[in-house]
Amino acid sequence: MRVRLDLGYDGSAFAGWAVQPGLRTVEQTLAEALGRVLRLPELPRLVVAGRTDSGVHARGQVCHVDLPDAAWSAAPGRSDAPAGIALVRRLAGVLPPDVRVTLAQVAPAGFDARFSAVHRRYAYRVGEAPWGVDPLRRHDVLDRRRGLDVESMNAAAGRLVGLHDFAAFCRRREGATTVRTLVRYSWARPAPGSADEGLVVATVVADAFCHSMVRALVGALLPVGEGRRDLEWPARVLSAGVRDPAVGVVAAHGLTLEQVGYPADDELAARARQARAVRTLPDGG
């Protein structure tokens with residue numbers, strides 16, 4: 001049976017999500033914990049909504065795992081708790097403190113953590129105070145120490161929203177498309193009293209992201225906010241269609257995957273089929 005797992009992690013000490021020989025990764029850590037708790041004969045294969053890079057955090061990550069029916073039924077052990085609740089509790093007892101599964105449930109028919117998703121929402125947090133970043137936030141906030149013009153950044157970011165080929169902001173992979181739909185890209189100073197008070201936070205939402213795309217998009221807007229680039233510069237970079245060395249890919253630790261969105265249950269399978277199709281621009285370019 002297919003099981004959906006919702007999880008969060010502090011990416012500081014992980015070499016990203018995906019398994020890599022000799023490195024500590026979220027996927028390997030979670031697979032080993034599942035294998036131990038459910039007494040599986042081999043490590044389960046996990047399919048994730050977003051393969052975060054080394055150092056990137058997640059608050060709303062989603063993955064799925066296909067388990068034998070007997071393993072799911074045995075998850076409660078000697079307790080009378082439902083299988084999903086019992087599995088979350090048991091995983092909390094074996095996982096390291098920098099990764100936590102917050103929900104485990106039988107997935108609806110047609111659910112695929114990666115391909116059924118309709119959007120991923122990331123936040124990138126920047127500290128602009130001249131004294132630096134609160135020491136308790138140093139692992140998830142970029143220490144910039146420069147005042148930012150949020151209004152100008154939003155004006156420039158708006159020019160990037162929509163269906164485009166984001167080759168200028170992605171690391172190319174052989175045979176992979178860089179066409180994406182950027183649904184939202186905005187910058188804000190959160191309200192006083194909020195968890196992010198005193199920061200400048202970018203919200204970036206797209207149907208999917210290619211490698212390093214969010215961090216490159218942030219890197220293209222910070223010079224605008226600092227007055228070193230004009231409002232049209234990021235759009236010109238996008239139109240050029242090639243990586244521009246002037247666009248810095250900002251540090252990974254400021255980035256957090258906040259949410260993965262899915263359609264209604266009866267639309268999951270159709271969405272997965274659509275997402276597996278190669279994306280192209282309307283003119284075929």
# chains A, B, ... in the order shown; residues from 1 in each chain; ligands from 1
$ closest_atom_pairs --of "range 54-142 of chain A" --to "range 204-221 of chain A" --cutoff "6 Å" --atoms "only C-alpha atoms" --output "tab-separated table"
residue	atom	partner	partner_atom	distance
A:Val118	CA	A:Asp207	CA	5.4
A:His119	CA	A:Asp207	CA	4.2
A:Arg120	CA	A:Val205	CA	5.7
A:Arg121	CA	A:Val205	CA	4.5
A:Tyr122	CA	A:Val204	CA	5.2
$ select_by_dssp --residues "range 185-216 of chain A" --states "alpha helix (DSSP H)" --output "list in words"
Met213, Val214, Arg215 and Ala216 of chain A
$ closest_residue --among "A:Ala272, A:Leu160, A:Ala33, A:Leu40" --to "Ala109 in chain A" --atoms "only C-alpha atoms"
A:Ala272
$ closest_residue --among "A:Ala31, A:Val201, A:Ala86, A:Val237" --to "Gln105 in chain A" --atoms "only C-alpha atoms"
A:Ala86
$ atom_distance --atom1 "CA of Val126 in chain A" --atom2 "CA of Gly254 in chain A"
6.9 Å
$ residues_around --residues "range 139-150 of chain A" --least-positions-apart "4" --cutoff "6 Å" --atoms "only C-alpha atoms" --output "VMD selection string"
chain A and resid 125 to 130 132 to 133 225 to 226 253 to 254
$ closest_residue --among "A:Pro223, A:Gly84, A:Gly60, A:Gly50" --to "Ala113 in chain A" --atoms "only C-alpha atoms"
A:Gly50
$ closest_residue --among "A:Pro97, A:Gly261, A:Gly22, A:Pro76" --to "Tyr9 in chain A" --atoms "only C-alpha atoms"
A:Pro97
